[in-house]
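S.K.: Below you'll find model-v7.txt; it's compact mmCIF, C-alpha atoms.
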```
# COMPACT_ATOMS: atom_id res chain seq x y z
CA MET A 1374 -29.66 -38.38 -21.70
CA GLU A 1375 -30.37 -42.07 -22.40
CA GLN A 1376 -26.62 -42.67 -22.18
CA VAL A 1377 -26.62 -41.42 -18.59
CA TRP A 1378 -29.49 -43.62 -17.50
CA SER A 1379 -27.89 -46.64 -19.17
CA TYR A 1380 -25.29 -46.57 -16.39
CA LEU A 1381 -28.02 -46.22 -13.74
CA PRO A 1382 -30.96 -48.42 -14.91
CA GLU A 1383 -32.90 -48.25 -11.64
CA LEU A 1384 -32.87 -44.47 -11.66
CA GLY A 1385 -33.67 -44.46 -15.35
CA GLU A 1386 -36.87 -46.40 -14.73
CA ALA A 1387 -37.83 -44.16 -11.83
CA ALA A 1388 -37.22 -41.04 -13.94
CA ALA A 1389 -39.26 -42.22 -16.92
CA GLY A 1390 -42.11 -39.87 -16.07
CA TRP A 1391 -39.96 -36.80 -15.34
CA PRO A 1392 -39.96 -33.73 -17.62
CA ASP A 1393 -37.12 -33.69 -20.12
CA TRP A 1394 -35.48 -30.64 -18.58
CA LEU A 1395 -35.51 -31.90 -14.96
CA ALA A 1396 -33.11 -34.83 -15.27
CA PRO A 1397 -30.19 -32.82 -16.77
CA ILE A 1398 -30.58 -30.13 -14.13
CA LEU A 1399 -30.56 -32.68 -11.32
CA PHE A 1400 -27.58 -34.51 -12.80
CA MET A 1401 -25.59 -31.29 -13.21
CA THR A 1402 -26.53 -30.11 -9.72
CA ALA A 1403 -25.40 -33.42 -8.27
CA ALA A 1404 -22.09 -33.13 -10.13
CA LEU A 1405 -21.53 -29.59 -8.79
CA VAL A 1406 -22.38 -30.69 -5.24
CA VAL A 1407 -19.93 -33.59 -5.52
CA ALA A 1408 -17.24 -31.18 -6.80
CA VAL A 1409 -17.76 -28.81 -3.85
CA ILE A 1410 -17.71 -31.66 -1.33
CA LEU A 1411 -14.58 -33.13 -2.91
CA HIS A 1412 -12.91 -29.71 -2.76
CA PHE A 1413 -13.81 -29.41 0.92
CA LEU A 1414 -12.35 -32.83 1.71
CA VAL A 1415 -9.14 -32.14 -0.21
CA PHE A 1416 -8.53 -28.85 1.59
CA ARG A 1417 -9.37 -30.39 4.94
CA LEU A 1418 -6.75 -33.04 4.27
CA LEU A 1419 -4.19 -30.43 3.21
CA ARG A 1420 -4.76 -28.42 6.39
CA ARG A 1421 -3.74 -31.41 8.46
CA PHE A 1422 -0.30 -31.42 6.86
CA THR A 1423 0.14 -27.63 6.78
CA ASP A 1424 0.52 -25.07 9.54
CA THR A 1425 -2.42 -22.80 8.74
CA THR A 1426 -1.42 -20.07 11.20
CA GLN A 1427 1.82 -18.85 9.66
CA GLY A 1428 4.22 -19.36 6.78
CA LEU A 1429 3.96 -18.76 3.06
CA GLY A 1430 2.62 -22.27 2.43
CA ALA A 1431 -0.32 -21.60 4.72
CA SER A 1432 -0.85 -18.19 3.09
CA LEU A 1433 -0.90 -19.74 -0.36
CA LEU A 1434 -3.32 -22.42 0.84
CA ARG A 1435 -5.73 -19.82 2.23
CA ARG A 1436 -5.57 -17.72 -0.90
CA ALA A 1437 -6.01 -20.69 -3.24
CA ARG A 1438 -9.13 -22.00 -1.49
CA ARG A 1439 -11.72 -20.11 -3.56
CA PRO A 1440 -9.97 -20.32 -6.96
CA THR A 1441 -9.49 -24.07 -6.58
CA ARG A 1442 -13.19 -24.41 -5.69
CA LEU A 1443 -13.91 -22.73 -9.02
CA ALA A 1444 -11.48 -25.16 -10.69
CA PHE A 1445 -13.38 -28.12 -9.24
CA ILE A 1446 -16.65 -26.64 -10.55
CA LEU A 1447 -15.09 -26.18 -14.00
CA ALA A 1448 -13.93 -29.79 -13.96
CA ALA A 1449 -17.45 -30.91 -13.04
CA LEU A 1450 -18.92 -28.92 -15.95
CA ALA A 1451 -16.31 -30.26 -18.36
CA ILE A 1452 -17.18 -33.83 -17.39
CA THR A 1453 -20.98 -33.60 -17.21
CA VAL A 1454 -21.93 -31.33 -20.13
CA PRO A 1455 -20.76 -33.74 -22.90
CA ILE A 1456 -22.56 -36.65 -21.18
CA LEU A 1457 -25.90 -34.82 -20.92
CA GLU A 1458 -26.36 -34.49 -24.72
CA LEU A 1459 -28.27 -31.22 -24.31
CA PRO A 1460 -29.91 -29.37 -27.20
CA TYR A 1461 -27.55 -27.13 -29.12
CA GLY A 1462 -28.84 -23.91 -27.54
CA TYR A 1463 -28.37 -25.10 -23.99
CA GLU A 1464 -25.02 -26.69 -24.73
CA GLN A 1465 -23.82 -23.46 -26.35
CA TRP A 1466 -24.95 -21.44 -23.31
CA LEU A 1467 -23.19 -23.80 -20.90
CA GLY A 1468 -20.10 -23.75 -23.09
CA HIS A 1469 -20.05 -19.95 -22.92
CA LEU A 1470 -20.46 -20.10 -19.14
CA PHE A 1471 -17.55 -22.56 -18.95
CA LEU A 1472 -15.38 -20.22 -21.04
CA VAL A 1473 -16.20 -17.22 -18.82
CA LEU A 1474 -15.44 -19.17 -15.65
CA LEU A 1475 -12.19 -20.44 -17.14
CA ILE A 1476 -11.05 -16.89 -17.95
CA VAL A 1477 -11.97 -15.75 -14.43
CA PHE A 1478 -10.10 -18.71 -12.98
CA LEU A 1479 -6.94 -17.96 -14.97
CA GLY A 1480 -6.99 -14.26 -14.05
CA TRP A 1481 -7.73 -15.03 -10.40
CA THR A 1482 -4.88 -17.55 -10.28
CA ALA A 1483 -2.46 -15.05 -11.82
CA ILE A 1484 -3.40 -12.43 -9.19
CA ILE A 1485 -2.95 -14.91 -6.33
CA LEU A 1486 0.44 -16.05 -7.64
CA THR A 1487 1.51 -12.41 -7.97
CA ARG A 1488 0.60 -11.74 -4.34
CA HIS A 1489 2.20 -14.95 -3.12
CA PHE A 1490 5.56 -14.41 -4.81
CA SER A 1491 5.64 -10.72 -3.81
CA ASP A 1492 5.04 -11.69 -0.17
CA ARG A 1493 7.77 -14.29 -0.47
CA ALA A 1494 10.16 -11.69 -1.86
CA VAL A 1495 9.66 -9.19 1.00
CA ARG A 1496 9.43 -11.58 3.95
CA LYS A 1497 13.12 -11.13 4.92
CA HIS A 1498 13.05 -7.32 4.73
CA ARG A 1499 12.05 -5.83 8.08
CA LEU A 1500 10.72 -2.29 8.47
CA ASP A 1501 10.73 -2.21 12.29
CA THR A 1502 14.43 -1.32 12.62
CA ASP A 1503 16.11 2.09 12.72
CA ASP A 1504 18.39 1.51 9.73
CA ASN A 1505 15.79 0.17 7.31
CA LEU A 1506 16.47 2.21 4.18
CA ALA A 1507 17.30 -0.77 1.95
CA ALA A 1508 14.28 -2.69 3.23
CA ARG A 1509 11.94 0.26 2.63
CA LYS A 1510 13.27 0.66 -0.91
CA PHE A 1511 12.70 -2.98 -1.79
CA VAL A 1512 9.31 -3.39 -0.06
CA THR A 1513 7.97 -0.18 -1.64
CA GLN A 1514 9.05 -1.29 -5.10
CA VAL A 1515 7.52 -4.75 -4.75
CA ARG A 1516 4.21 -3.56 -3.27
CA VAL A 1517 3.62 -0.78 -5.79
CA LEU A 1518 4.46 -3.00 -8.75
CA ARG A 1519 2.28 -5.78 -7.28
CA ARG A 1520 -0.74 -3.50 -7.06
CA THR A 1521 -0.14 -2.19 -10.57
CA VAL A 1522 0.12 -5.73 -11.96
CA THR A 1523 -3.02 -6.74 -10.04
CA ILE A 1524 -5.02 -3.89 -11.55
CA LEU A 1525 -3.76 -4.70 -15.05
CA LEU A 1526 -4.62 -8.38 -14.62
CA ALA A 1527 -8.11 -7.45 -13.40
CA ILE A 1528 -8.59 -5.14 -16.39
CA PHE A 1529 -7.39 -7.74 -18.88
CA THR A 1530 -9.52 -10.46 -17.28
CA THR A 1531 -12.62 -8.25 -17.36
CA GLY A 1532 -11.90 -7.32 -20.97
CA ALA A 1533 -11.44 -10.96 -21.97
CA VAL A 1534 -14.74 -11.91 -20.33
CA LEU A 1535 -16.60 -9.08 -22.05
CA LEU A 1536 -15.13 -10.01 -25.44
CA THR A 1537 -16.75 -13.44 -25.20
CA PHE A 1538 -20.14 -11.74 -25.72
CA GLU A 1539 -21.04 -11.04 -29.35
CA PRO A 1540 -22.66 -7.60 -28.71
CA VAL A 1541 -19.46 -6.44 -27.05
CA GLN A 1542 -17.40 -7.72 -29.97
CA GLU A 1543 -19.61 -5.86 -32.45
CA TYR A 1544 -19.40 -2.69 -30.36
CA GLY A 1545 -15.65 -3.07 -30.17
CA VAL A 1546 -15.36 -3.28 -33.94
CA SER A 1547 -17.51 -0.19 -34.40
CA LEU A 1548 -15.53 1.59 -31.72
CA PHE A 1549 -12.29 0.70 -33.45
CA ALA A 1550 -13.72 2.02 -36.71
CA SER A 1551 -14.46 5.38 -35.08
CA ALA A 1552 -11.34 5.38 -32.92
CA GLY A 1553 -10.71 9.08 -33.48
CA ALA A 1554 -13.55 10.67 -31.50
CA ALA A 1555 -14.27 7.70 -29.25
CA GLY A 1556 -10.60 7.26 -28.37
CA LEU A 1557 -10.36 10.93 -27.45
CA ILE A 1558 -13.44 10.71 -25.21
CA LEU A 1559 -12.24 7.51 -23.51
CA GLY A 1560 -8.77 8.96 -23.10
CA LEU A 1561 -10.11 12.07 -21.36
CA ALA A 1562 -12.41 9.99 -19.14
CA ALA A 1563 -9.64 7.58 -18.11
CA ARG A 1564 -6.93 10.22 -17.71
CA PRO A 1565 -6.96 10.35 -13.86
CA VAL A 1566 -6.79 6.56 -13.54
CA LEU A 1567 -4.08 6.20 -16.17
CA ALA A 1568 -2.09 9.11 -14.72
CA ASN A 1569 -2.07 7.50 -11.28
CA LEU A 1570 -1.17 4.08 -12.70
CA ILE A 1571 1.75 5.57 -14.61
CA ALA A 1572 2.75 7.54 -11.53
CA GLY A 1573 2.72 4.29 -9.54
CA VAL A 1574 5.18 2.70 -11.96
CA GLN A 1575 7.38 5.82 -11.83
CA ILE A 1576 7.35 5.80 -8.02
CA ALA A 1577 8.23 2.10 -7.95
CA ILE A 1578 11.23 2.70 -10.22
CA THR A 1579 12.52 6.14 -9.16
CA GLN A 1580 11.20 6.01 -5.55
CA PRO A 1581 10.75 9.66 -4.58
CA ILE A 1582 8.83 8.21 -1.62
CA ARG A 1583 9.00 4.89 0.18
CA LEU A 1584 7.07 3.20 2.96
CA GLU A 1585 7.69 4.87 6.34
CA ASP A 1586 9.36 7.88 4.73
CA VAL A 1587 8.95 11.08 6.73
CA VAL A 1588 7.38 13.70 4.44
CA ILE A 1589 5.83 17.13 4.60
CA VAL A 1590 2.83 17.36 2.27
CA GLU A 1591 0.54 20.37 2.09
CA GLY A 1592 2.17 21.71 5.25
CA GLU A 1593 1.49 18.49 7.22
CA TRP A 1594 4.28 16.39 8.75
CA GLY A 1595 3.87 12.63 8.79
CA TRP A 1596 4.91 9.18 7.59
CA VAL A 1597 4.06 7.35 4.36
CA GLU A 1598 1.86 4.62 5.80
CA GLU A 1599 0.75 2.84 2.63
CA ILE A 1600 1.15 3.23 -1.14
CA PHE A 1601 -1.83 1.95 -3.11
CA ALA A 1602 -2.26 1.73 -6.87
CA THR A 1603 -3.83 5.20 -7.21
CA TYR A 1604 -3.21 7.01 -3.92
CA VAL A 1605 -0.89 7.30 -0.92
CA VAL A 1606 -1.94 7.32 2.76
CA VAL A 1607 0.17 9.69 4.90
CA ARG A 1608 -0.08 9.15 8.67
CA ILE A 1609 0.04 12.59 10.31
CA TRP A 1610 1.87 12.97 13.62
CA ASP A 1611 -1.45 13.37 15.50
CA TRP A 1612 -2.81 10.08 13.96
CA ARG A 1613 -4.87 11.74 11.27
CA ARG A 1614 -4.61 10.28 7.77
CA MET A 1615 -4.07 12.31 4.61
CA VAL A 1616 -5.00 10.62 1.33
CA VAL A 1617 -2.96 11.98 -1.58
CA PRO A 1618 -3.17 10.94 -5.27
CA LEU A 1619 -0.06 9.18 -6.54
CA SER A 1620 0.39 11.76 -9.28
CA TYR A 1621 0.88 14.45 -6.59
CA PHE A 1622 4.33 13.06 -5.75
CA ILE A 1623 5.35 13.23 -9.40
CA GLU A 1624 3.92 16.62 -10.33
CA LYS A 1625 4.31 18.75 -7.17
CA PRO A 1626 7.19 19.53 -4.79
CA PHE A 1627 7.21 18.06 -1.29
CA GLN A 1628 9.74 17.43 1.48
CA ASN A 1629 11.17 13.96 2.13
CA TRP A 1630 13.23 13.87 5.33
CA THR A 1631 14.39 10.27 4.91
CA ARG A 1632 15.25 10.17 1.21
CA GLU A 1633 18.83 8.92 1.70
CA SER A 1634 18.84 7.77 5.32
CA ALA A 1635 16.70 7.84 8.44
CA SER A 1636 19.21 10.07 10.29
CA ILE A 1637 18.31 13.75 10.48
CA ILE A 1638 19.63 16.97 12.02
CA GLY A 1639 17.30 18.93 14.26
CA SER A 1640 17.59 22.59 15.25
CA VAL A 1641 16.55 24.61 18.30
CA TYR A 1642 16.49 28.43 18.50
CA TRP A 1643 16.80 30.66 21.56
CA TYR A 1644 16.41 34.43 21.55
CA LEU A 1645 18.54 35.76 24.40
CA ASP A 1646 19.94 38.97 25.77
CA TYR A 1647 23.27 40.39 24.58
CA THR A 1648 24.82 39.57 27.96
CA VAL A 1649 24.48 35.80 27.50
CA PRO A 1650 27.82 33.90 27.79
CA VAL A 1651 27.77 32.04 24.44
CA ALA A 1652 30.74 29.80 25.29
CA ASP A 1653 29.05 28.58 28.47
CA VAL A 1654 25.79 27.96 26.61
CA ARG A 1655 27.69 25.94 23.98
CA LYS A 1656 29.36 23.84 26.66
CA GLN A 1657 26.05 23.21 28.41
CA LEU A 1658 24.39 22.23 25.11
CA GLU A 1659 27.10 19.67 24.41
CA GLU A 1660 26.68 18.25 27.91
CA ILE A 1661 22.88 17.96 27.60
CA VAL A 1662 23.03 16.38 24.15
CA GLY A 1663 25.82 14.01 25.16
CA LYS A 1664 23.71 12.56 28.00
CA SER A 1665 20.55 12.19 25.90
CA PRO A 1666 19.62 8.66 24.70
CA HIS A 1667 18.14 10.21 21.54
CA TRP A 1668 21.45 11.55 20.22
CA ASP A 1669 23.27 9.42 17.62
CA GLY A 1670 26.71 10.81 18.48
CA ASN A 1671 27.31 12.64 15.18
CA VAL A 1672 26.35 16.33 15.20
CA VAL A 1673 26.12 18.87 18.01
CA ASN A 1674 26.83 22.55 17.47
CA LEU A 1675 25.81 26.02 18.61
CA GLN A 1676 26.09 29.28 16.67
CA VAL A 1677 24.86 32.86 16.86
CA THR A 1678 22.82 33.13 13.69
CA ASP A 1679 21.20 36.57 13.95
CA THR A 1680 21.01 39.77 15.98
CA ASP A 1681 18.54 42.61 16.37
CA LYS A 1682 18.25 45.65 18.62
CA ASP A 1683 17.00 43.66 21.64
CA THR A 1684 18.19 40.03 21.38
CA ILE A 1685 20.56 37.65 19.64
CA ALA A 1686 19.41 34.42 17.97
CA ILE A 1687 21.32 31.31 19.01
CA ARG A 1688 20.81 28.08 17.05
CA GLY A 1689 21.66 24.64 18.36
CA LEU A 1690 22.07 21.69 15.99
CA MET A 1691 21.88 18.05 17.03
CA SER A 1692 21.42 14.81 15.09
CA ALA A 1693 19.38 11.67 15.76
CA ARG A 1694 18.84 8.29 14.15
CA THR A 1695 15.22 8.97 13.18
CA SER A 1696 12.97 11.98 12.88
CA PRO A 1697 10.80 11.03 15.91
CA GLN A 1698 13.96 10.78 18.02
CA ALA A 1699 15.14 14.12 16.60
CA TRP A 1700 11.85 15.70 17.69
CA ASP A 1701 12.18 14.30 21.22
CA LEU A 1702 15.82 15.41 21.38
CA ARG A 1703 14.95 18.96 20.32
CA CYS A 1704 12.20 19.23 22.93
CA GLU A 1705 14.52 17.82 25.62
CA VAL A 1706 17.36 20.22 24.77
CA ARG A 1707 15.05 23.24 24.56
CA GLU A 1708 13.53 22.52 27.96
CA LYS A 1709 16.78 21.71 29.81
CA LEU A 1710 18.74 24.65 28.45
CA ILE A 1711 16.00 27.12 29.39
CA ASP A 1712 15.95 25.61 32.88
CA TRP A 1713 19.75 25.99 33.11
CA LEU A 1714 19.60 29.62 31.95
CA GLN A 1715 16.92 30.45 34.51
CA LYS A 1716 19.03 29.02 37.33
CA THR A 1717 22.54 30.16 36.34
CA HIS A 1718 22.15 33.15 34.00
CA PRO A 1719 18.73 34.73 34.50
CA GLU A 1720 20.12 38.06 33.27
CA ALA A 1721 20.68 36.44 29.85
CA LEU A 1722 16.98 35.91 29.24
CA PRO A 1723 15.26 38.43 26.95
CA ARG A 1724 14.43 41.74 28.62
CA LEU A 1725 13.49 45.26 27.64
CA ARG A 1726 15.68 48.18 28.57
CA GLY A 1727 14.48 51.68 29.21
CA GLU A 1728 16.28 54.99 29.59
CA LEU A 1729 15.25 57.56 32.14
CA GLU A 1730 16.32 61.18 31.79
CA THR A 1731 15.77 63.99 34.30
CA LYS A 1732 15.76 67.61 33.32
CA ALA A 1733 17.29 70.25 35.52
CA ALA A 1734 14.79 72.62 37.12
```
Mind turning the file's structure into structure tokens?
M.R.:
Amino acid sequence: MEQVWSYLPELGEAAAGWPDWLAPILFMTAALVVAVILHFLVFRLLRRFTDTTQGLGASLLRRARRPTRLAFILAALAITVPILELPYGYEQWLGHLFLVLLIVFLGWTAIILTRHFSDRAVRKHRLDTDDNLAARKFVTQVRVLRRTVTILLAIFTTGAVLLTFEPVQEYGVSLFASAGAAGLILGLAARPVLANLIAGVQIAITQPIRLEDVVIVEGEWGWVEEIFATYVVVRIWDWRRMVVPLSYFIEKPFQNWTRESASIIGSVYWYLDYTVPVADVRKQLEEIVGKSPHWDGNVVNLQVTDTDKDTIAIRGLMSARTSPQAWDLRCEVREKLIDWLQKTHPEALPRLRGELETKAA
């Protein structure tokens, strides 16, 4: 510590009566305060030359604020600890703290860079268009892999920090020596997490589901709103949210209405009397669908699909660009055709027939 006061003789004389432990603490605190202030000034200067409201540069600047503050603190420790000439025990403790912070800084930086470059990769792929299949494929792949990589980086960083402690190292050696039973126990305990992580990688590569896919899961119809590292959020049509483990989409069957494209064929059924003029109904269906803004111009058809003793089943098919438009088109066609039948062919609506017999007296 005499070396420090040799540069500041006035303070050295004033601190002659201080306890031995107070001067190093004050010096280190001052160095940390200077590092934080310097970090604040640097980022304030950078904000003047960067648009902080939008753009990837601004996003990277916001994300790097806290890790770079830690880097400034590490630099302050690296400069001040050798100058202080602390006893071996204190210097060893501060050296261990520096090592832990350095590992955290490296892991944190890797996570931020992963997020930054993934955002940069998907910025040109828009999901708010009708024909967005290619964009949904790419964005889903990038986001799922990003979350998987983030979790792995967090696990490796935590493991590296723990391995800097001697008790953990000794426990790790003993655990490795008894890897049979301990490995089995740890494997069973971590099975759900590992299964979902592996499922996430499988979904990113094979893509049975993508963002904004229309799916039917557990009898519920909705959209894939978000794919996280261990679970999927499905937005139900009535704004409820269903949370489903990632492994569900690998192990169990489900319906995906937009697997190859967003276009879909909808169907409408009518149960009508045998006297209905099918040709006229077909012509009216084509006219209604042709005037609808929801129709994509591809498929429109009408067929008699079933009969029973009272009615015949007529099925109308019509296509739309997306499943929500297909739903609206089906409701529109169903309503307008029933209205047309009521006005022009009321006898074709379902009815019950009875037979009356009279016996001679």
S.K.: Go through A:Ile1452, A:Ile1484, A:Val1406, A:Val1607 one by one, measure the shortest atom-to-atom distance of each to Ala1437 (chain A) using all atoms listed in the file, and give the residue with the smallest value.
M.R.: A:Ile1484
S.K.: Which residue gives the smallest distance to Leu1526 (chain A) among A:Ile1571, A:Glu1633, A:Val1477, A:Phe1538, with all atoms listed in the file counted?
M.R.: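 Looking at the shortest contact to Leu1526 (chain A), the residue is A:Val1477.
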S.K.: Restricting the calculation to all atoms listed in the file: of A:Val1654, A:Leu1418, A:Leu1405, A:Leu1486, which residue gets closest to Ile1446 (chain A)?
M.R.: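 Going through A:Val1654, A:Leu1418, A:Leu1405, A:Leu1486 one by one, the smallest distance to Ile1446 (chain A) is for A:Leu1405.
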S.K.: When distances are computed from only C-alpha atoms, which of A:Trp1700, A:Thr1680, A:Thr1402, A:Thr1441 shows the smallest separation from Trp1594 (chain A)?
M.R.: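 Checking each of A:Trp1700, A:Thr1680, A:Thr1402, A:Thr1441 against Trp1594 (chain A), counting only C-alpha atoms, the winner is A:Trp1700.
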S.K.: Rank nothing, just name the residue among A:Tyr1647, A:Phe1445, A:Trp1466, A:Trp1668 nearest to Ala1721 (chain A), using only C-alpha atoms.
M.R.: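 Selected residue with least distance to Ala1721 (chain A): A:Tyr1647.
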S.K.: Hey, what's within 10 Å of Ala1408 (chain A) if we count only C-alpha atoms and toss same-chain stuff fewer than 2 positions away? As a PyMOL selection string, please?
M.R.: chain A and resi 1402-1406+1410-1414+1442-1450
S.K.: What separation in Å, quoted to one decimal, exists between CA of Ile1528 (chain A) and CA of Leu1570 (chain A)?
M.R.: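 According to the coordinates, CA of Ile1528 (chain A) and CA of Leu1570 (chain A) are separated by 12.4 Å.
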S.K.: Do you have the CA of Met1401 (chain A)-CA of Leu1472 (chain A) distance handy?
M.R.: 17.0 Å
S.K.: Could you check which of A:Ile1589, A:Ile1685, A:Ala1602, A:Leu1475 is closest to Leu1525 (chain A), using only C-alpha atoms?
M.R.: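 Using only C-alpha atoms, the shortest distance to Leu1525 (chain A) belongs to A:Ala1602.
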S.K.: Please indicate the distance in Å from CA of Arg1509 (chain A) to CA of Phe1601 (chain A), rounded to one decimal place.
M.R.: 15.0 Å
S.K.: Taking all atoms of region 1588-1607 of chain A that the file lists and extending 4 Å past them on each side, where is the centre of the axis-aligned box and how long are its edges? Answer in Å to one decimal, as lines of an AutoDock Vina configuration file.
M.R.:
```
center_x = 1.8
center_y = 11.7
center_z = 0.8
size_x = 19.2
size_y = 28.0
size_z = 24.0
```
S.K.: Mind checking which residues fall within 12 Å of Gly1480 (chain A), counting all atoms listed in the file, ignoring those fewer than 3 positions away in the same chain, and posting them as a VMD selection string?
M.R.: chain A and resid 1440 1473 to 1477 1483 to 1487 1522 to 1534
S.K.: May I have the protein, DNA and RNA residues with any atom at most 8 Å from the point (17.1, 37.5, 23.8), counting only C-alpha atoms, written as a PDB file with C-alpha atoms, in the frame of the given file?
M.R.:
```pdb
ATOM      1  CA  TRP A1643      16.800  30.660  21.560  1.00  0.00           C
ATOM      2  CA  TYR A1644      16.410  34.430  21.550  1.00  0.00           C
ATOM      3  CA  LEU A1645      18.540  35.760  24.400  1.00  0.00           C
ATOM      4  CA  ASP A1646      19.940  38.970  25.770  1.00  0.00           C
ATOM      5  CA  TYR A1647      23.270  40.390  24.580  1.00  0.00           C
ATOM      6  CA  ASP A1683      17.000  43.660  21.640  1.00  0.00           C
ATOM      7  CA  THR A1684      18.190  40.030  21.380  1.00  0.00           C
ATOM      8  CA  ILE A1685      20.560  37.650  19.640  1.00  0.00           C
ATOM      9  CA  ALA A1686      19.410  34.420  17.970  1.00  0.00           C
ATOM     10  CA  ALA A1721      20.680  36.440  29.850  1.00  0.00           C
ATOM     11  CA  LEU A1722      16.980  35.910  29.240  1.00  0.00           C
ATOM     12  CA  PRO A1723      15.260  38.430  26.950  1.00  0.00           C
ATOM     13  CA  ARG A1724      14.430  41.740  28.620  1.00  0.00           C
TER      14      ARG A1724
END
```
S.K.: For Asp1701 (chain A), work out the shell of residues within 12 Å, counting only C-alpha atoms and skipping chain neighbours fewer than 3 positions away, then give it as a PyMOL selection string.
M.R.: chain A and resi 1639-1641+1662+1665-1668+1691-1698+1704-1708
